[in-house]
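So this block is upload-v6.txt, compact mmCIF, C-alpha atoms:
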```txt
# COMPACT_ATOMS: atom_id res chain seq x y z
CA MET A 1 95.44 107.21 107.05
CA THR A 2 94.14 108.45 110.38
CA GLN A 3 96.30 110.76 112.44
CA THR A 4 98.17 108.99 115.22
CA ALA A 5 97.21 110.04 118.71
CA TYR A 6 99.65 110.54 121.57
CA LEU A 7 99.43 108.50 124.75
CA SER A 8 100.56 110.12 127.99
CA LEU A 9 101.33 107.58 130.74
CA SER A 10 102.26 108.46 134.32
CA CYS A 11 105.66 107.05 135.28
CA LEU A 12 104.84 107.27 139.00
CA PRO A 13 104.41 104.37 139.55
CA LEU A 14 106.19 102.81 136.58
CA PRO A 15 104.19 100.77 134.03
CA THR A 16 104.40 97.01 134.66
CA PHE A 17 105.09 94.17 132.24
CA ILE A 18 102.41 91.46 132.32
CA GLU A 19 102.98 89.04 129.44
CA GLY A 20 104.41 88.60 125.94
CA ARG A 21 102.97 86.46 123.13
CA HIS A 22 103.63 85.69 119.47
CA ILE A 23 100.81 84.87 117.05
CA ASP A 24 100.44 84.35 113.31
CA LEU A 25 97.33 85.45 111.43
CA THR A 26 96.26 84.34 107.96
CA ALA A 27 93.81 85.98 105.62
CA ASP A 28 91.47 82.98 105.70
CA ALA A 29 91.23 82.98 109.50
CA GLY A 30 88.64 85.76 109.53
CA LYS A 31 88.28 88.65 111.95
CA GLN A 32 89.02 88.54 115.66
CA ASN A 33 87.30 90.68 118.27
CA GLN A 34 88.43 91.70 121.72
CA VAL A 35 87.78 94.31 124.40
CA HIS A 36 90.83 95.10 126.53
CA LEU A 37 89.58 95.86 130.03
CA GLU A 38 92.80 96.12 132.01
CA TYR A 39 95.96 96.17 129.93
CA PHE A 40 97.74 98.14 127.26
CA VAL A 41 98.65 95.85 124.38
CA PHE A 42 101.63 96.71 122.18
CA ALA A 43 101.16 95.01 118.80
CA PHE A 44 104.44 94.71 116.88
CA VAL A 45 103.84 93.72 113.25
CA ARG A 46 106.89 91.73 112.17
CA GLN A 47 105.52 90.57 108.80
CA GLY A 48 102.56 91.37 106.55
CA GLN A 49 99.81 93.97 106.85
CA LEU A 50 97.48 93.98 109.85
CA MET A 51 94.06 95.57 109.50
CA MET A 52 92.85 97.12 112.75
CA VAL A 53 89.50 98.64 113.72
CA GLN A 54 89.43 100.69 116.92
CA ASP A 55 86.01 101.97 117.99
CA GLY A 56 84.79 101.84 114.41
CA VAL A 57 87.85 103.50 112.84
CA GLU A 58 89.81 101.27 110.45
CA GLN A 59 93.51 101.55 109.76
CA GLN A 60 96.32 99.44 108.40
CA VAL A 61 99.43 98.62 110.43
CA ASN A 62 102.39 97.59 108.30
CA ALA A 63 105.44 95.45 108.97
CA GLY A 64 107.96 97.38 111.05
CA GLU A 65 105.27 99.34 112.91
CA VAL A 66 103.77 99.14 116.39
CA PHE A 67 100.17 99.85 117.36
CA ILE A 68 99.14 100.33 121.00
CA MET A 69 95.70 99.12 122.05
CA MET A 70 94.34 100.82 125.15
CA PRO A 71 92.38 99.38 128.08
CA GLY A 72 88.87 100.43 128.96
CA HIS A 73 85.92 100.77 126.64
CA HIS A 74 87.93 100.49 123.43
CA LYS A 75 86.77 97.67 121.16
CA TYR A 76 89.17 96.16 118.65
CA VAL A 77 88.82 94.02 115.55
CA TRP A 78 91.84 92.80 113.61
CA TRP A 79 92.62 90.52 110.67
CA ALA A 80 95.29 89.78 108.09
CA LYS A 81 94.79 91.81 104.93
CA SER A 82 96.43 89.14 102.78
CA GLY A 83 98.85 86.28 103.22
CA LYS A 84 100.42 85.92 106.67
CA VAL A 85 100.79 88.46 109.46
CA ALA A 86 103.35 87.78 112.20
CA LEU A 87 102.60 89.61 115.44
CA ASP A 88 104.18 90.02 118.85
CA TRP A 89 101.90 91.14 121.67
CA ILE A 90 103.34 92.81 124.77
CA TYR A 91 100.84 93.31 127.61
CA GLY A 92 101.52 96.12 130.10
CA TYR A 93 99.63 97.57 133.04
CA VAL A 94 99.54 101.25 134.01
CA ALA A 95 98.40 101.92 137.58
CA GLY A 96 98.76 105.68 137.29
CA ASP A 97 97.02 108.31 135.22
CA TRP A 98 96.95 108.06 131.43
CA HIS A 99 95.11 109.74 128.59
CA VAL A 100 95.06 110.06 124.80
CA GLN A 101 95.21 113.39 122.99
CA ALA A 102 96.38 114.91 119.73
CA GLY A 103 99.37 116.56 121.42
CA LEU A 104 101.91 116.00 124.19
CA THR A 105 100.08 116.70 127.45
CA PRO A 106 101.62 115.46 130.73
CA ALA A 107 99.78 112.86 132.79
CA LYS A 108 99.06 113.56 136.45
CA ASN A 109 101.24 112.04 139.14
CA SER A 110 98.92 109.58 140.88
CA MET A 111 101.24 109.05 143.86
CA LYS A 112 99.77 111.90 145.92
CA SER A 113 100.56 110.33 149.29
CA LEU A 114 104.29 110.07 148.64
CA MET A 115 106.71 112.95 148.21
CA LEU A 116 109.86 111.95 146.34
CA HIS A 117 112.65 114.18 147.59
CA PRO A 118 115.14 113.49 144.77
CA PRO A 119 114.15 115.17 141.48
CA VAL A 120 112.26 112.92 139.06
CA PRO A 121 112.97 114.32 135.57
CA VAL A 122 110.60 111.99 133.70
CA GLN A 123 107.13 111.88 135.22
CA THR A 124 105.25 111.27 131.98
CA LEU A 125 106.00 108.79 129.21
CA PHE A 126 104.81 110.01 125.80
CA LEU A 127 104.04 107.38 123.17
CA MET A 128 102.52 107.52 119.70
CA GLN A 129 99.64 105.09 119.40
CA ARG A 130 100.94 104.01 116.01
CA ARG A 131 104.44 104.52 114.67
CA ALA A 132 107.20 103.03 112.54
CA LEU A 133 110.05 101.61 114.61
CA LYS A 134 113.18 103.78 114.48
CA GLU A 135 115.50 101.13 115.91
CA PRO A 136 113.83 97.87 114.84
CA ASP A 137 116.77 95.57 115.57
CA ALA A 138 117.23 96.85 119.12
CA ILE A 139 113.48 96.88 119.74
CA TYR A 140 112.88 93.38 118.37
CA LYS A 141 115.71 92.06 120.55
CA LEU A 142 113.85 93.34 123.63
CA VAL A 143 110.50 92.10 122.34
CA ASP A 144 111.90 88.61 121.69
CA GLN A 145 113.18 88.40 125.25
CA LEU A 146 109.85 89.50 126.70
CA VAL A 147 107.86 87.08 124.52
CA SER A 148 110.09 84.23 125.67
CA LYS A 149 109.36 84.94 129.35
CA GLU A 150 107.09 82.39 131.02
CA TYR A 151 104.99 82.71 134.15
CA ASN A 152 106.69 81.39 137.27
CA CYS A 153 107.35 82.46 140.83
CA GLN A 154 110.99 83.40 140.43
CA SER A 155 111.46 86.94 141.68
CA LYS A 156 114.70 87.35 139.71
CA GLN A 157 112.91 86.71 136.43
CA PHE A 158 110.14 89.13 137.39
CA PHE A 159 112.59 91.97 137.91
CA GLU A 160 114.52 91.10 134.76
CA SER A 161 111.27 91.29 132.80
CA GLN A 162 110.39 94.68 134.28
CA GLN A 163 113.81 96.01 133.36
CA LEU A 164 113.43 94.81 129.78
CA PHE A 165 109.95 96.35 129.56
CA ILE A 166 111.17 99.74 130.77
CA GLN A 167 113.99 99.60 128.22
CA LEU A 168 111.43 98.86 125.52
CA LEU A 169 109.26 101.81 126.55
CA ALA A 170 112.32 104.05 126.48
CA LYS A 171 112.93 102.99 122.86
CA LEU A 172 109.32 103.75 121.96
CA GLN A 173 108.92 107.13 123.63
CA ALA A 174 107.87 109.97 121.37
CA GLN A 175 110.49 112.37 122.68
CA ASP A 176 113.50 112.03 124.95
CA ASN A 177 113.01 112.80 128.64
CA ALA A 178 109.48 114.09 128.06
CA GLN A 179 110.89 117.56 127.52
CA ASN A 180 107.90 119.66 126.63
CA GLU A 181 107.16 123.09 128.04
CA LEU A 182 104.57 122.03 130.61
CA THR A 183 106.72 119.22 132.00
CA GLN A 184 109.79 121.41 132.27
CA LEU A 185 107.91 124.27 133.91
CA SER A 186 106.30 121.83 136.35
CA LEU A 187 109.70 120.43 137.32
CA SER A 188 111.07 123.96 137.76
CA ILE A 189 108.17 124.87 140.07
CA GLN A 190 108.68 121.71 142.11
CA GLN A 191 112.42 122.30 142.43
CA TYR A 192 111.85 125.92 143.48
CA LEU A 193 109.31 124.90 146.14
CA LYS A 194 111.64 122.20 147.49
CA LYS A 195 114.61 124.57 147.62
CA HIS A 196 112.65 127.34 149.38
CA PHE A 197 110.23 125.26 151.46
CA ARG A 198 111.40 126.98 154.68
CA ASP A 199 110.47 130.41 153.28
CA LYS A 200 107.12 132.12 153.04
CA ILE A 201 105.93 131.41 149.49
CA THR A 202 102.80 133.01 148.07
CA ALA A 203 101.15 133.05 144.68
CA THR A 204 102.81 136.43 144.10
CA THR A 205 106.21 134.95 145.00
CA LEU A 206 105.85 132.28 142.33
CA SER A 207 104.39 134.66 139.78
CA ASN A 208 107.30 137.09 140.16
CA HIS A 209 109.94 134.36 140.09
CA PHE A 210 108.64 132.61 136.97
CA ASP A 211 107.24 135.74 135.30
CA GLN A 212 103.94 133.95 134.73
CA ARG A 213 100.39 134.48 135.96
CA ALA A 214 99.76 132.71 139.27
CA ASN A 215 96.66 130.96 137.92
CA TYR A 216 98.69 129.53 135.04
CA LEU A 217 101.34 128.15 137.40
CA VAL A 218 98.64 126.50 139.51
CA ARG A 219 97.12 124.95 136.39
CA VAL A 220 100.50 123.63 135.20
CA LEU A 221 101.24 121.88 138.48
CA ARG A 222 97.73 120.45 138.82
CA GLN A 223 97.81 119.16 135.27
CA THR A 224 101.16 117.42 135.70
CA ILE A 225 101.17 116.10 139.29
CA GLY A 226 97.60 116.64 140.51
CA LEU A 227 98.57 119.13 143.23
CA SER A 228 98.48 122.91 143.51
CA PRO A 229 101.71 124.69 144.56
CA ALA A 230 100.25 125.21 148.05
CA GLU A 231 99.35 121.51 148.35
CA PHE A 232 102.76 120.44 147.04
CA LEU A 233 104.53 122.75 149.48
CA MET A 234 102.47 121.54 152.45
CA GLN A 235 103.08 117.91 151.55
CA TYR A 236 106.81 118.47 151.21
CA ARG A 237 106.96 120.31 154.53
CA MET A 238 105.10 117.48 156.25
CA GLU A 239 107.47 114.89 154.78
CA GLU A 240 110.45 116.91 155.99
CA ALA A 241 108.88 117.31 159.43
CA ALA A 242 108.23 113.57 159.67
CA ARG A 243 111.83 112.86 158.73
CA MET A 244 113.13 115.27 161.39
CA LEU A 245 110.84 113.88 164.09
CA LEU A 246 112.09 110.35 163.50
CA ASN A 247 115.76 111.06 162.84
CA THR A 248 116.68 114.02 165.08
CA SER A 249 116.19 115.07 168.69
CA ALA A 250 115.03 118.58 167.72
CA SER A 251 112.08 119.88 169.71
CA ILE A 252 108.70 120.05 168.06
CA ALA A 253 108.94 123.85 168.11
CA ASP A 254 112.30 123.71 166.33
CA VAL A 255 110.95 121.23 163.78
CA ALA A 256 108.05 123.56 163.07
CA VAL A 257 110.34 126.51 162.42
CA ALA A 258 112.72 124.37 160.35
CA VAL A 259 109.97 123.43 157.92
CA GLY A 260 108.56 126.92 157.52
CA PHE A 261 105.97 127.30 160.30
CA GLN A 262 106.06 130.20 162.73
CA ASN A 263 102.92 129.08 164.54
CA ILE A 264 103.51 125.81 166.41
CA TYR A 265 99.78 125.17 166.89
CA TYR A 266 99.16 125.50 163.15
CA PHE A 267 102.08 123.15 162.50
CA SER A 268 100.73 120.53 164.92
CA THR A 269 97.24 120.78 163.44
CA SER A 270 98.56 120.48 159.88
CA PHE A 271 100.83 117.56 160.77
CA LYS A 272 98.00 115.64 162.45
CA LYS A 273 95.76 116.27 159.44
CA TYR A 274 98.46 114.93 157.13
CA THR A 275 99.62 111.89 159.14
CA GLY A 276 96.70 111.19 161.46
CA LEU A 277 98.95 111.66 164.52
CA SER A 278 100.20 114.63 166.48
CA PRO A 279 103.95 115.35 166.17
CA SER A 280 104.63 113.96 169.66
CA ARG A 281 102.67 110.74 169.06
CA TYR A 282 104.26 110.34 165.63
CA ARG A 283 107.72 110.53 167.21
CA ALA A 284 106.72 108.19 170.05
CA GLN A 285 105.49 105.46 167.70
CA GLU A 286 109.06 104.77 166.60
```

Can the structure in the file be given as structure tokens, please?
Amino acid sequence: MTQTAYLSLSCLPLPTFIEGRHIDLTADAGKQNQVHLEYFVFAFVRQGQLMMVQDGVEQQVNAGEVFIMMPGHHKYVWWAKSGKVALDWIYGYVAGDWHVQAGLTPAKNSMKSLMLHPPVPVQTLFLMQRRALKEPDAIYKLVDQLVSKEYNCQSKQFFESQQLFIQLLAKLQAQDNAQNELTQLSLSIQQYLKKHFRDKITATTLSNHFDQRANYLVRVLRQTIGLSPAEFLMQYRMEEAARMLLNTSASIADVAVAVGFQNIYYFSTSFKKYTGLSPSRYRAQE
């Protein structure tokens, strides 16, 4: 049996439920081919033994297991090994970063233009491409509800479906709260930068605080959220400055100092580069 790979999916933005289906395969129906260009497909084998070929590699998925087919260039062939195979397909879309590796490696945060001030403890969802279900009854209950959903224009049903899908992903995750070393260190760096964003923070400051080489800390943050510490800090400062300009009567000079700038000209130049408007014009547009 081939070793199961790990899928790392960015949770910013959250994966989206598209559709659920149930199909039955029989051994005399032959092989079926498909290339999935846009969606992840979660194949839940409820009965029988499903044979699956992914990019030329064959493996068997047994009853009580799930296999995740990935979008992109991956070509799939599947058939029933013998008798009947009962399958549930759950289609999901991931707008953010994702990748497949042998270990747990965080995905990058693709929402670079938005700084979330509250802490987000789970930025990457880790899934095994193939695994036996640990809580089959609870998982099948969610799957059955998603398969029963039909396309319509009711917003309430859309949000109900998304909630069910997120619950399903939570049941399938490879480890709770994505707590691996890189993710936790990345969150610690982000929290430190947010807490001390008014202070002068250098590579040496971070290196001394975390007792790690500065280059390593830069690599950790880039790998997990796609930003260096300096870029993250600048973005957070600009978000704070924008909030103050719109919600307080503080002068532009006071706003600059409050978000960690001693040079008002540098603040104004940085703010215009970030928002496209000078601080005064940004405040006036309200």

Could you state the separation of CA of Lys31 (chain A) and CA of Val66 (chain A) in Å, given to one decimal place?
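So the two atoms, CA of Lys31 (chain A) and CA of Val66 (chain A), lie 19.2 Å apart.
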
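Across the model, the gap from CA of Gly56 (chain A) to CA of Ala29 (chain A) is 20.5 Å.
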
Which distance in Å separates CA of Tyr266 (chain A) and CA of Phe232 (chain A), to one decimal?
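Between these atoms lies a distance of 17.3 Å.
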
Have a look at A:Gln212, A:Gln191, A:Ser186, A:Ser268 and name the one nearest to Ala242 (chain A); count only C-alpha atoms.
A:Ser268

Selection: 12 Å around Glu160 (chain A), only C-alpha atoms, excl. self and same-chain fewer than 3 positions, as an NGL selection string
:A and (16-17 or 142 or 145-146 or 149 or 154-157 or 163-167)

Write out, as an mmCIF file, in the frame of the given file, the residues just selected, with C-alpha atoms.
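Output contents, as saved in again-v7.cif:
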```
data_model
loop_
_atom_site.group_PDB
_atom_site.id
_atom_site.type_symbol
_atom_site.label_atom_id
_atom_site.label_comp_id
_atom_site.auth_asym_id
_atom_site.auth_seq_id
_atom_site.Cartn_x
_atom_site.Cartn_y
_atom_site.Cartn_z
ATOM 1 C CA THR A 16 104.400 97.010 134.660
ATOM 2 C CA PHE A 17 105.090 94.170 132.240
ATOM 3 C CA LEU A 142 113.850 93.340 123.630
ATOM 4 C CA GLN A 145 113.180 88.400 125.250
ATOM 5 C CA LEU A 146 109.850 89.500 126.700
ATOM 6 C CA LYS A 149 109.360 84.940 129.350
ATOM 7 C CA GLN A 154 110.990 83.400 140.430
ATOM 8 C CA SER A 155 111.460 86.940 141.680
ATOM 9 C CA LYS A 156 114.700 87.350 139.710
ATOM 10 C CA GLN A 157 112.910 86.710 136.430
ATOM 11 C CA GLN A 163 113.810 96.010 133.360
ATOM 12 C CA LEU A 164 113.430 94.810 129.780
ATOM 13 C CA PHE A 165 109.950 96.350 129.560
ATOM 14 C CA ILE A 166 111.170 99.740 130.770
ATOM 15 C CA GLN A 167 113.990 99.600 128.220
#
```

Long-range neighbours of Ser251 (chain A) as a PyMOL selection string, 12 Å cut-off, all atoms listed in the file, 4 positions minimum in chain
chain A and resi 241+244-247+255-258+264+279-280+283
